[in-house]
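Coordinates from start.pdb are shown below (PDB, C-alpha atoms).
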```pdb
ATOM      1  CA  MET A 353     153.493  73.703 101.396
ATOM      2  CA  SER A 354     151.215  75.649 103.726
ATOM      3  CA  VAL A 355     152.517  78.455 105.933
ATOM      4  CA  PRO A 356     150.628  79.854 108.957
ATOM      5  CA  TYR A 357     150.184  83.358 107.497
ATOM      6  CA  PRO A 358     148.635  84.876 104.417
ATOM      7  CA  VAL A 359     151.462  85.255 101.901
ATOM      8  CA  VAL A 360     152.243  88.414  99.942
ATOM      9  CA  LEU A 361     154.873  88.491  97.197
ATOM     10  CA  ALA A 362     156.424  91.958  97.011
ATOM     11  CA  SER A 363     157.345  91.688  93.341
ATOM     12  CA  ALA A 364     155.717  92.278  89.975
ATOM     13  CA  SER A 365     157.963  89.694  88.280
ATOM     14  CA  PRO A 366     155.965  87.022  86.461
ATOM     15  CA  ARG A 367     158.942  84.667  86.855
ATOM     16  CA  ARG A 368     158.886  85.022  90.652
ATOM     17  CA  ARG A 369     155.101  84.597  90.688
ATOM     18  CA  GLY A 370     155.425  81.367  88.730
ATOM     19  CA  LEU A 371     158.170  79.943  90.925
ATOM     20  CA  LEU A 372     156.443  80.838  94.200
ATOM     21  CA  GLY A 373     153.146  79.486  92.880
ATOM     22  CA  GLU A 374     154.748  76.078  92.362
ATOM     23  CA  LEU A 375     155.790  76.036  96.027
ATOM     24  CA  LEU A 376     152.906  77.729  97.838
ATOM     25  CA  GLY A 377     149.921  77.751  95.515
ATOM     26  CA  SER A 378     147.945  80.909  96.167
ATOM     27  CA  PHE A 379     149.282  84.242  97.424
ATOM     28  CA  GLU A 380     148.757  87.943  96.893
ATOM     29  CA  VAL A 381     151.025  90.311  94.971
ATOM     30  CA  ALA A 382     151.887  93.833  96.148
ATOM     31  CA  VAL A 383     154.471  95.930  94.349
ATOM     32  CA  ALA A 384     156.798  98.110  96.406
ATOM     33  CA  PRO A 385     157.695 101.420  94.709
ATOM     34  CA  ILE A 386     161.349 101.443  95.756
ATOM     35  CA  ASP A 387     164.014 103.779  94.337
ATOM     36  CA  GLU A 388     166.301 101.011  93.080
ATOM     37  CA  GLU A 389     168.993 103.360  91.817
ATOM     38  CA  GLY A 390     169.206 105.038  95.221
ATOM     39  CA  LEU A 391     169.855 101.688  96.944
ATOM     40  CA  THR A 392     172.427 100.412  94.436
ATOM     41  CA  THR A 393     175.984 100.039  95.756
ATOM     42  CA  ALA A 394     179.230  98.987  94.069
ATOM     43  CA  ASP A 395     178.754  95.441  95.428
ATOM     44  CA  PRO A 396     176.040  93.449  93.587
ATOM     45  CA  VAL A 397     175.479  91.157  96.577
ATOM     46  CA  GLU A 398     174.837  94.118  98.852
ATOM     47  CA  THR A 399     172.639  95.755  96.200
ATOM     48  CA  ALA A 400     170.440  92.682  95.774
ATOM     49  CA  GLU A 401     169.927  92.202  99.500
ATOM     50  CA  ARG A 402     169.300  95.899 100.227
ATOM     51  CA  LEU A 403     166.662  96.090  97.507
ATOM     52  CA  ALA A 404     164.903  92.923  98.663
ATOM     53  CA  VAL A 405     164.877  94.094 102.299
ATOM     54  CA  ALA A 406     163.500  97.517 101.314
ATOM     55  CA  LYS A 407     160.720  95.961  99.221
ATOM     56  CA  ALA A 408     159.724  93.517 101.956
ATOM     57  CA  ALA A 409     159.714  96.215 104.644
ATOM     58  CA  PHE A 410     157.605  98.563 102.515
ATOM     59  CA  VAL A 411     154.887  95.973 101.906
ATOM     60  CA  PHE A 412     155.036  94.549 105.458
ATOM     61  CA  ALA A 413     154.288  98.019 106.866
ATOM     62  CA  SER A 414     150.781  97.743 105.399
ATOM     63  CA  ARG A 415     150.432  93.958 105.835
ATOM     64  CA  PRO A 416     151.841  93.217 109.322
ATOM     65  CA  GLU A 417     149.713  90.063 109.672
ATOM     66  CA  ALA A 418     151.238  88.457 106.573
ATOM     67  CA  LEU A 419     154.367  86.688 105.456
ATOM     68  CA  VAL A 420     155.885  89.072 102.927
ATOM     69  CA  ILE A 421     158.438  87.662 100.502
ATOM     70  CA  ALA A 422     160.502  90.008  98.332
ATOM     71  CA  GLY A 423     163.234  89.355  95.815
ATOM     72  CA  ASP A 424     165.582  91.358  93.661
ATOM     73  CA  THR A 425     167.955  89.996  91.045
ATOM     74  CA  VAL A 426     171.174  91.690  89.934
ATOM     75  CA  VAL A 427     173.193  90.638  86.887
ATOM     76  CA  ALA A 428     176.833  91.627  87.359
ATOM     77  CA  LEU A 429     179.823  91.489  85.047
ATOM     78  CA  ASP A 430     183.407  91.827  86.283
ATOM     79  CA  VAL A 431     185.031  94.577  84.223
ATOM     80  CA  GLY A 432     188.649  95.097  85.175
ATOM     81  CA  GLY A 433     188.095  94.163  88.804
ATOM     82  CA  ALA A 434     184.985  96.337  89.271
ATOM     83  CA  TRP A 435     181.392  95.171  89.004
ATOM     84  CA  ARG A 436     179.204  96.463  86.213
ATOM     85  CA  GLN A 437     175.625  95.843  87.316
ATOM     86  CA  LEU A 438     173.110  95.332  84.515
ATOM     87  CA  ALA A 439     169.577  96.368  85.404
ATOM     88  CA  LYS A 440     166.564  96.149  83.103
ATOM     89  CA  PRO A 441     167.430  97.728  79.748
ATOM     90  CA  ALA A 442     166.206 101.268  79.128
ATOM     91  CA  ASP A 443     165.481 100.590  75.453
ATOM     92  CA  HIS A 444     166.299  98.211  72.591
ATOM     93  CA  GLU A 445     169.742  99.770  72.041
ATOM     94  CA  ASP A 446     170.581  99.310  75.719
ATOM     95  CA  ALA A 447     169.442  95.672  75.575
ATOM     96  CA  CYS A 448     171.688  95.029  72.561
ATOM     97  CA  ALA A 449     174.644  96.630  74.368
ATOM     98  CA  MET A 450     174.081  94.436  77.445
ATOM     99  CA  LEU A 451     173.945  91.254  75.386
ATOM    100  CA  ARG A 452     177.126  92.250  73.533
ATOM    101  CA  ALA A 453     178.832  92.746  76.910
ATOM    102  CA  LEU A 454     177.704  89.293  78.105
ATOM    103  CA  SER A 455     178.612  87.533  74.840
ATOM    104  CA  GLY A 456     181.394  84.969  75.277
ATOM    105  CA  ARG A 457     181.816  85.768  78.973
ATOM    106  CA  THR A 458     180.861  84.482  82.402
ATOM    107  CA  HIS A 459     178.828  86.737  84.696
ATOM    108  CA  VAL A 460     177.253  86.477  88.126
ATOM    109  CA  VAL A 461     173.543  86.517  88.911
ATOM    110  CA  VAL A 462     172.752  87.488  92.511
ATOM    111  CA  THR A 463     169.259  87.314  93.968
ATOM    112  CA  GLY A 464     168.489  88.887  97.314
ATOM    113  CA  VAL A 465     165.485  87.495  99.172
ATOM    114  CA  ALA A 466     163.864  89.062 102.239
ATOM    115  CA  LEU A 467     161.028  87.716 104.369
ATOM    116  CA  CYS A 468     159.019  89.582 107.019
ATOM    117  CA  TRP A 469     156.318  87.970 109.159
ATOM    118  CA  PRO A 470     154.638  88.694 112.503
ATOM    119  CA  GLY A 471     157.353  86.802 114.367
ATOM    120  CA  GLY A 472     160.426  88.252 112.708
ATOM    121  CA  SER A 473     162.368  88.758 109.513
ATOM    122  CA  THR A 474     165.324  87.345 107.631
ATOM    123  CA  SER A 475     167.196  87.883 104.393
ATOM    124  CA  PHE A 476     169.792  86.107 102.309
ATOM    125  CA  THR A 477     171.468  86.167  98.912
ATOM    126  CA  GLU A 478     172.191  83.435  96.413
ATOM    127  CA  SER A 479     174.759  83.696  93.615
ATOM    128  CA  SER A 480     175.055  81.698  90.399
ATOM    129  CA  ARG A 481     177.566  81.928  87.560
ATOM    130  CA  VAL A 482     176.261  81.992  83.989
ATOM    131  CA  SER A 483     178.461  81.543  80.911
ATOM    132  CA  PHE A 484     177.316  82.841  77.512
ATOM    133  CA  ARG A 485     178.616  81.545  74.213
ATOM    134  CA  GLU A 486     179.702  84.056  71.581
ATOM    135  CA  LEU A 487     176.621  85.751  70.099
ATOM    136  CA  THR A 488     176.270  87.139  66.597
ATOM    137  CA  GLU A 489     174.800  90.569  65.926
ATOM    138  CA  GLY A 490     171.933  88.859  64.113
ATOM    139  CA  GLU A 491     171.086  86.686  67.123
ATOM    140  CA  ILE A 492     171.149  89.691  69.414
ATOM    141  CA  ALA A 493     168.956  91.758  67.091
ATOM    142  CA  ARG A 494     166.412  88.965  66.603
ATOM    143  CA  TYR A 495     166.106  88.324  70.341
ATOM    144  CA  VAL A 496     165.801  91.998  71.259
ATOM    145  CA  ALA A 497     163.144  92.442  68.543
ATOM    146  CA  THR A 498     160.919  89.944  70.410
ATOM    147  CA  GLY A 499     160.649  92.432  73.310
ATOM    148  CA  SER A 500     161.407  89.654  75.777
ATOM    149  CA  PRO A 501     164.591  91.208  77.247
ATOM    150  CA  MET A 502     162.967  94.513  78.159
ATOM    151  CA  ASP A 503     161.693  93.530  81.634
ATOM    152  CA  LYS A 504     164.697  91.439  82.658
ATOM    153  CA  ALA A 505     167.904  92.373  84.468
ATOM    154  CA  GLY A 506     170.801  91.829  82.095
ATOM    155  CA  ALA A 507     168.397  91.784  79.115
ATOM    156  CA  TYR A 508     167.870  88.016  79.054
ATOM    157  CA  GLY A 509     165.822  85.298  80.710
ATOM    158  CA  LEU A 510     166.969  81.736  81.314
ATOM    159  CA  GLN A 511     163.395  80.565  80.742
ATOM    160  CA  ASP A 512     162.854  82.188  77.320
ATOM    161  CA  GLU A 513     164.409  81.886  73.857
ATOM    162  CA  SER A 514     167.725  83.300  75.104
ATOM    163  CA  GLN A 515     168.409  80.007  76.890
ATOM    164  CA  ASP A 516     170.189  79.022  73.652
ATOM    165  CA  PHE A 517     172.797  81.719  74.454
ATOM    166  CA  ILE A 518     173.832  79.980  77.649
ATOM    167  CA  GLU A 519     176.641  77.419  77.726
ATOM    168  CA  ARG A 520     176.678  76.711  81.447
ATOM    169  CA  VAL A 521     175.032  77.606  84.756
ATOM    170  CA  GLU A 522     176.975  77.012  87.963
ATOM    171  CA  GLY A 523     174.677  77.108  90.983
ATOM    172  CA  SER A 524     170.926  77.435  91.377
ATOM    173  CA  VAL A 525     169.011  77.648  88.104
ATOM    174  CA  THR A 526     165.904  79.076  89.802
ATOM    175  CA  ASN A 527     168.137  81.793  91.257
ATOM    176  CA  VAL A 528     168.967  82.890  87.708
ATOM    177  CA  ILE A 529     165.245  82.913  86.880
ATOM    178  CA  GLY A 530     164.613  85.179  89.875
ATOM    179  CA  LEU A 531     164.003  83.251  93.105
ATOM    180  CA  PRO A 532     166.386  80.664  94.654
ATOM    181  CA  MET A 533     163.746  78.097  95.488
ATOM    182  CA  GLU A 534     166.007  75.622  97.276
ATOM    183  CA  ARG A 535     167.025  78.117  99.990
ATOM    184  CA  LEU A 536     163.565  79.673 100.189
ATOM    185  CA  SER A 537     161.920  76.268 100.582
ATOM    186  CA  ASP A 538     164.297  75.400 103.438
ATOM    187  CA  ILE A 539     163.436  78.631 105.274
ATOM    188  CA  LEU A 540     159.696  78.169 104.806
ATOM    189  CA  SER A 541     159.910  74.518 105.947
ATOM    190  CA  THR A 542     161.644  75.651 109.132
ATOM    191  CA  MET A 543     158.953  78.273 109.672
ATOM    192  CA  VAL A 544     156.162  75.711 109.243
ATOM    193  CA  GLY A 545     157.915  73.301 111.572
ATOM    194  CA  ALA A 546     158.286  75.959 114.266
ATOM    195  CA  THR A 547     154.556  76.761 114.440
TER
END
```
Could you render the structure from this file as structure tokens?
Amino acid sequence: MSVPYPVVLASASPRRRGLLGELLGSFEVAVAPIDEEGLTTADPVETAERLAVAKAAFVFASRPEALVIAGDTVVALDVGGAWRQLAKPADHEDACAMLRALSGRTHVVVTGVALCWPGGSTSFTESSRVSFRELTEGEIARYVATGSPMDKAGAYGLQDESQDFIERVEGSVTNVIGLPMERLSDILSTMVGAT
């Protein structure tokens, strides 16, 4: 797909780069230094969208001729009727604690996506439900020792060795990886058709 603007991905995530590359081919990457904790709310859907919008706006301010695409993924677990949002783990102990919390339970993965371009802007969220099987302490320790969970919200990645932990995904799989490609593709197709 070819869009009528240079494209900038406002994300350092290698998963998002890979997904967007499959759709658009070449694009630039610019990381937005956003205070994620300061924009986090009690609602994971609101958090994901606010963070994506802030990242897109920050990068678009210096690239107003481009299509800027930003995403932010929140892993959220319902704990007694309140959402516990799992960001990237602070250390190995934190990663183990997150995986223990997810073990044998179903959680929600919300990705917020924001787009800014010379003719306007839009944003949306996509939610998927992910069910983990029961994990053993040994499985958790071995996975965390690989280092793979350390740059991922919720301390796991659907595309790495932790995929064996997952019993079921309800909704968009690419959303769980970090960018809901079905919705994004629809928006970009509309944009191309309108030019």
Asp446 in chain A: which residues within 10 Å, counting all atoms listed in the file, same-chain residues fewer than 5 positions away excluded, as a PyMOL selection string? chain A and resi 438+440-441+451-452+496+502+506-507
Can you spell out as a ChimeraX atom specification the set of residues that the PyMOL selection byres ((chain A and resi 411) around 9) selects in the structure I just provided? /A:360-362,382-384,406-410,412-416,420,422
Starting from the displayed file, determine the output of the PyMOL selection byres ((chain A and resi 375) around 9) and express the residue list as a PyMOL selection string. chain A and resi 353-354+371-374+376-377+533+537
Mind telling me what the PyMOL selection byres ((chain A and resi 417) around 8) catches here, as a CSV table (one decimal) with C-alpha atoms, keeping the file's coordinate frame?
```
chain,number,residue,atom,x,y,z
A,357,TYR,CA,150.2,83.4,107.5
A,358,PRO,CA,148.6,84.9,104.4
A,415,ARG,CA,150.4,94.0,105.8
A,416,PRO,CA,151.8,93.2,109.3
A,418,ALA,CA,151.2,88.5,106.6
A,419,LEU,CA,154.4,86.7,105.5
A,469,TRP,CA,156.3,88.0,109.2
A,470,PRO,CA,154.6,88.7,112.5
```
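The nearest approach to Val482 in chain A among the residues A:Ile386, A:Val381, A:Ala364, A:Leu510, with all atoms listed in the file taken into account, belongs to A:Leu510.
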Quick one: residues within 10 Å of Glu389 in chain A, all atoms listed in the file, excluding same-chain residues fewer than 6 positions away - as a list in words?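 What passes the distance filter is Thr399, Leu403 and Ala439 of chain A.
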Between CA of Glu486 in chain A and CA of Arg520 in chain A - distance in Å to one decimal: 12.7 Å
